[in-house]
>>> print(open('run.tsv').read())   # TSV, C-alpha atoms
chain	number	residue	atom	x	y	z
A	1	MET	CA	126.95	109.59	107.74
A	2	SER	CA	125.08	111.10	104.82
A	3	LYS	CA	121.95	113.05	104.06
A	4	ILE	CA	119.14	111.79	101.84
A	5	THR	CA	116.61	114.27	100.49
A	6	VAL	CA	113.15	113.15	99.41
A	7	ASP	CA	111.13	115.72	97.50
A	8	CYS	CA	107.39	115.04	97.72
A	9	THR	CA	106.27	118.51	96.70
A	10	GLY	CA	102.79	118.32	95.17
A	11	GLU	CA	102.35	114.65	96.08
A	12	THR	CA	99.30	113.42	97.96
A	13	CYS	CA	98.37	110.52	100.27
A	14	PRO	CA	100.03	108.05	100.70
A	15	ILE	CA	103.13	109.00	98.66
A	16	PRO	CA	104.95	111.28	101.16
A	17	LEU	CA	104.59	108.66	103.89
A	18	VAL	CA	105.61	105.79	101.61
A	19	GLU	CA	108.57	107.66	100.10
A	20	THR	CA	109.75	108.59	103.61
A	21	ARG	CA	109.66	104.93	104.62
A	22	LYS	CA	111.48	103.86	101.45
A	23	ALA	CA	114.24	106.41	102.14
A	24	LEU	CA	114.51	105.36	105.79
A	25	ARG	CA	114.88	101.72	104.76
A	26	LYS	CA	117.72	102.63	102.43
A	27	ALA	CA	119.43	104.93	104.96
A	28	LYS	CA	122.13	103.64	107.27
A	29	GLU	CA	122.10	104.15	111.00
A	30	GLY	CA	122.98	107.77	111.76
A	31	ASP	CA	122.01	109.03	108.30
A	32	ILE	CA	119.66	112.00	108.04
A	33	VAL	CA	116.56	111.76	105.86
A	34	GLU	CA	115.06	115.10	104.88
A	35	VAL	CA	111.54	115.06	103.45
A	36	ILE	CA	110.10	118.09	101.67
A	37	GLY	CA	106.42	118.31	100.86
A	38	THR	CA	103.21	120.30	100.65
A	39	HIS	CA	100.51	117.72	101.61
A	40	PRO	CA	99.20	119.02	104.99
A	41	PRO	CA	98.17	115.68	106.64
A	42	SER	CA	101.60	114.18	105.84
A	43	ARG	CA	103.25	116.90	107.91
A	44	LYS	CA	101.46	115.44	110.93
A	45	GLU	CA	101.62	111.80	109.90
A	46	ILE	CA	105.30	111.48	109.01
A	47	PRO	CA	106.23	112.34	112.64
A	48	MET	CA	103.73	109.64	113.75
A	49	ALA	CA	105.54	107.11	111.56
A	50	VAL	CA	108.91	108.28	112.90
A	51	LYS	CA	107.66	107.64	116.44
A	52	ALA	CA	106.19	104.25	115.50
A	53	LEU	CA	109.52	103.29	113.93
A	54	GLY	CA	111.40	104.41	117.06
A	55	LEU	CA	113.55	106.92	115.17
A	56	GLU	CA	114.55	110.47	116.00
A	57	LEU	CA	112.66	113.48	114.67
A	58	ILE	CA	115.24	116.24	114.41
A	59	ASP	CA	112.97	119.15	113.46
A	60	ILE	CA	110.13	120.40	111.27
A	61	GLN	CA	110.34	123.66	109.38
A	62	GLU	CA	107.55	125.26	107.40
A	63	LYS	CA	107.46	128.23	105.07
A	64	ASP	CA	104.71	129.27	102.67
A	65	GLY	CA	102.95	125.91	102.83
A	66	VAL	CA	106.13	123.92	102.15
A	67	TRP	CA	107.35	121.82	105.05
A	68	LYS	CA	110.66	120.11	105.67
A	69	ILE	CA	110.97	117.26	108.12
A	70	ARG	CA	114.37	115.96	109.20
A	71	ILE	CA	114.72	112.47	110.62
A	72	ARG	CA	117.75	110.61	111.96
A	73	ARG	CA	117.83	106.88	111.18
B	1	MET	CA	99.33	91.64	119.63
B	2	ALA	CA	101.75	91.78	116.76
B	3	ASN	CA	102.40	94.98	114.86
B	4	LYS	CA	100.62	93.62	111.83
B	5	ALA	CA	97.72	94.40	109.48
B	6	THR	CA	95.78	91.71	107.62
B	7	ILE	CA	93.37	92.83	104.90
B	8	VAL	CA	90.94	90.74	102.85
B	9	VAL	CA	90.52	92.24	99.38
B	10	HIS	CA	87.17	90.73	98.40
B	11	SER	CA	86.01	93.56	96.15
B	12	GLY	CA	87.49	94.12	92.72
B	13	ASP	CA	86.01	97.61	92.46
B	14	MET	CA	88.62	100.16	91.50
B	15	ASP	CA	87.96	102.54	94.40
B	16	LYS	CA	88.01	99.74	96.96
B	17	VAL	CA	91.25	98.29	95.62
B	18	PHE	CA	92.71	101.81	95.92
B	19	SER	CA	91.56	101.93	99.57
B	20	ALA	CA	93.12	98.55	100.28
B	21	PHE	CA	96.51	99.52	98.84
B	22	ILE	CA	96.55	103.00	100.40
B	23	ILE	CA	95.82	101.57	103.85
B	24	ALA	CA	98.30	98.75	103.33
B	25	ASN	CA	101.06	101.11	102.22
B	26	GLY	CA	100.33	103.45	105.12
B	27	ALA	CA	100.66	100.54	107.53
B	28	LEU	CA	103.95	99.44	105.94
B	29	ALA	CA	105.22	103.02	106.15
B	30	MET	CA	104.41	103.05	109.87
B	31	GLY	CA	106.56	99.97	110.31
B	32	MET	CA	103.84	97.31	110.37
B	33	GLU	CA	103.84	93.98	108.56
B	34	VAL	CA	101.01	93.66	106.03
B	35	SER	CA	99.32	90.71	104.34
B	36	LEU	CA	96.70	91.21	101.63
B	37	PHE	CA	94.40	88.26	100.96
B	38	PHE	CA	92.91	88.52	97.48
B	39	THR	CA	89.67	86.60	97.09
B	40	PHE	CA	86.57	86.57	94.85
B	41	TRP	CA	86.31	89.76	92.78
B	42	GLY	CA	89.49	91.07	94.34
B	43	LEU	CA	91.47	88.19	92.87
B	44	GLN	CA	90.45	89.31	89.36
B	45	ARG	CA	92.72	92.32	89.88
B	46	LEU	CA	95.76	90.07	90.15
B	47	LYS	CA	95.18	88.63	86.70
B	48	LYS	CA	97.70	89.71	84.09
B	49	GLY	CA	96.51	93.12	82.85
B	50	GLY	CA	93.64	93.11	85.36
B	51	LEU	CA	94.80	95.60	87.98
B	52	GLU	CA	93.15	98.69	86.52
B	53	LYS	CA	90.12	96.87	85.10
B	54	GLY	CA	87.77	97.20	88.09
B	55	PRO	CA	84.62	99.32	87.82
B	56	LEU	CA	83.75	102.12	90.22
B	57	SER	CA	81.70	100.75	93.15
B	58	LYS	CA	79.07	103.47	92.72
B	59	MET	CA	77.99	105.52	89.70
B	60	ASN	CA	80.23	103.61	87.31
B	61	LEU	CA	77.77	104.58	84.52
B	62	LEU	CA	79.15	101.98	82.09
B	63	GLY	CA	82.64	103.28	82.68
B	64	LEU	CA	81.93	106.98	82.33
B	65	GLY	CA	81.93	107.53	86.10
B	66	LYS	CA	85.17	105.62	86.41
B	67	TRP	CA	86.76	107.68	83.65
B	68	LEU	CA	85.73	110.94	85.37
B	69	VAL	CA	87.04	109.79	88.76
B	70	LYS	CA	90.32	108.62	87.24
B	71	ARG	CA	90.74	111.99	85.56
B	72	LYS	CA	90.14	113.77	88.88
B	73	MET	CA	92.59	111.45	90.62
B	74	LYS	CA	95.26	112.16	88.03
B	75	LYS	CA	94.73	115.88	88.49
B	76	ALA	CA	95.01	115.52	92.27
B	77	GLY	CA	98.28	113.62	91.84
B	78	VAL	CA	97.02	110.30	93.21
B	79	ALA	CA	99.39	107.41	92.51
B	80	SER	CA	98.27	104.72	90.07
B	81	LEU	CA	97.34	101.26	91.33
B	82	GLU	CA	100.48	99.89	89.68
B	83	LYS	CA	102.67	102.38	91.59
B	84	LEU	CA	100.88	101.53	94.86
B	85	LEU	CA	101.40	97.84	94.16
B	86	GLN	CA	105.11	98.28	93.41
B	87	ASP	CA	105.57	100.36	96.59
B	88	PHE	CA	103.68	97.70	98.55
B	89	LYS	CA	106.09	95.02	97.35
B	90	GLU	CA	109.15	97.22	97.83
B	91	LEU	CA	108.19	97.85	101.47
B	92	GLY	CA	107.90	94.12	102.09
B	93	GLY	CA	104.13	93.60	101.82
B	94	LYS	CA	102.84	90.10	101.25
B	95	ILE	CA	100.17	89.11	98.72
B	96	LEU	CA	98.19	85.89	99.14
B	97	ALA	CA	95.78	84.42	96.60
B	98	CYS	CA	92.66	82.46	97.54
B	99	ASP	CA	92.93	78.95	96.14
B	100	MET	CA	89.16	78.31	96.27
B	101	THR	CA	88.37	81.42	94.20
B	102	MET	CA	90.79	80.13	91.58
B	103	ALA	CA	88.90	76.83	91.42
B	104	ILE	CA	85.44	78.48	91.30
B	105	MET	CA	86.35	81.05	88.69
B	106	GLY	CA	88.58	78.79	86.64
B	107	ILE	CA	91.66	80.93	87.20
B	108	LYS	CA	94.98	79.17	86.65
B	109	ARG	CA	98.27	80.24	88.18
B	110	GLU	CA	99.56	81.23	84.76
B	111	ASP	CA	96.64	83.69	84.45
B	112	LEU	CA	97.89	85.54	87.53
B	113	ARG	CA	100.87	87.79	88.15
B	114	VAL	CA	102.69	85.00	89.95
B	115	ASP	CA	105.81	87.11	90.61
B	116	LEU	CA	103.75	89.17	93.09
B	117	ILE	CA	102.10	86.30	94.93
B	118	SER	CA	103.78	84.89	98.03
B	119	ASP	CA	101.40	81.97	98.48
B	120	TYR	CA	98.15	80.30	97.40
B	121	CYS	CA	96.09	79.56	100.45
B	122	ALA	CA	92.74	79.11	102.18
B	123	VAL	CA	90.88	80.47	105.20
B	124	GLY	CA	93.17	78.78	107.73
B	125	THR	CA	96.11	80.91	106.63
B	126	TYR	CA	94.00	84.06	106.85
B	127	ILE	CA	92.77	83.28	110.38
B	128	ASN	CA	96.24	82.28	111.46
B	129	GLU	CA	97.58	85.67	110.38
B	130	ALA	CA	94.52	87.69	111.43
B	131	LYS	CA	94.51	86.40	114.99
B	132	GLU	CA	97.93	87.85	115.56
B	133	SER	CA	97.18	91.16	113.81
B	134	SER	CA	96.26	94.40	115.54
B	135	VAL	CA	94.47	95.64	112.40
B	136	THR	CA	92.20	93.47	110.25
B	137	LEU	CA	89.93	94.74	107.50
B	138	PHE	CA	87.56	93.26	104.96
B	139	ILE	CA	87.32	95.37	101.83
>>> encode(input="run.tsv", output="structure tokens")
Amino acid sequence: MSKITVDCTGETCPIPLVETRKALRKAKEGDIVEVIGTHPPSRKEIPMAVKALGLELIDIQEKDGVWKIRIRR
Amino acid sequence: MANKATIVVHSGDMDKVFSAFIIANGALAMGMEVSLFFTFWGLQRLKKGGLEKGPLSKMNLLGLGKWLVKRKMKKAGVASLEKLLQDFKELGGKILACDMTMAIMGIKREDLRVDLISDYCAVGTYINEAKESSVTLFI
């Protein structure tokens, strides 16, 4: 089990969503994908994608406009 | 209804091709299957070196409008069409080229980026895929 970090700081639509999906495709079952970004709609939409993909959203943290979303494959 | 999006890319305008790829990549990211059917002016964008050649759909102003919008997009960190296209392929998106457009416009396979194209087809293939898609768009 490993952790993959995707840094999408400063990126806009649709990059955070697409990079999250790319990382999830590469991850193995049980791996944790951690996405960091600043694009506000992506903070809401990445959890939507996680739900649509039937994966587990571990948590979302946010500090000073930077959010971190953790997903288990 | 299958978890699939089928999009006709009829326009070759830069902004509309952006919309098509952004929607397509969003759908792929949400776990959907996506087919893009390139036809008429849209197919011009699949010619070698043609991807970025489309004018702006409004206020192109002989290319000045397009240049201004591209500059704004770069500043806002918007991905290039080439990056969107590569992501689309990496996430398993399918590109189909309209065979009739090729005949009308005198486009040969060797004029196109054949490595990207899954198939050369007609309306039957589009309908066959669209009827089992939950999202269909004509751009």
>>> closest_residue(input="run.tsv", among="A:Gly30, A:Gly65, A:Gly37, A:Gly54", to="chain B", atoms="only C-alpha atoms")
A:Gly54
>>> closest_residue(input="run.tsv", among="B:Phe40, B:Tyr120, B:Phe88, B:Trp67", to="chain A", atoms="all atoms listed in the file")
B:Phe88
>>> atom_distance(input="run.tsv", atom1="atom CA of Gln44 of chain B", atom2="atom CA of Gly12 of chain B")
6.6 Å
>>> interface_residues(input="run.tsv", of="chain B", to="chain A", cutoff="12 Å", atoms="all atoms listed in the file", output="NGL selection string")
:B and (3 or 18-32 or 73-81 or 83-92)
>>> atom_distance(input="run.tsv", atom1="atom CA of Ile107 of chain B", atom2="atom CA of Leu46 of chain B")
10.4 Å
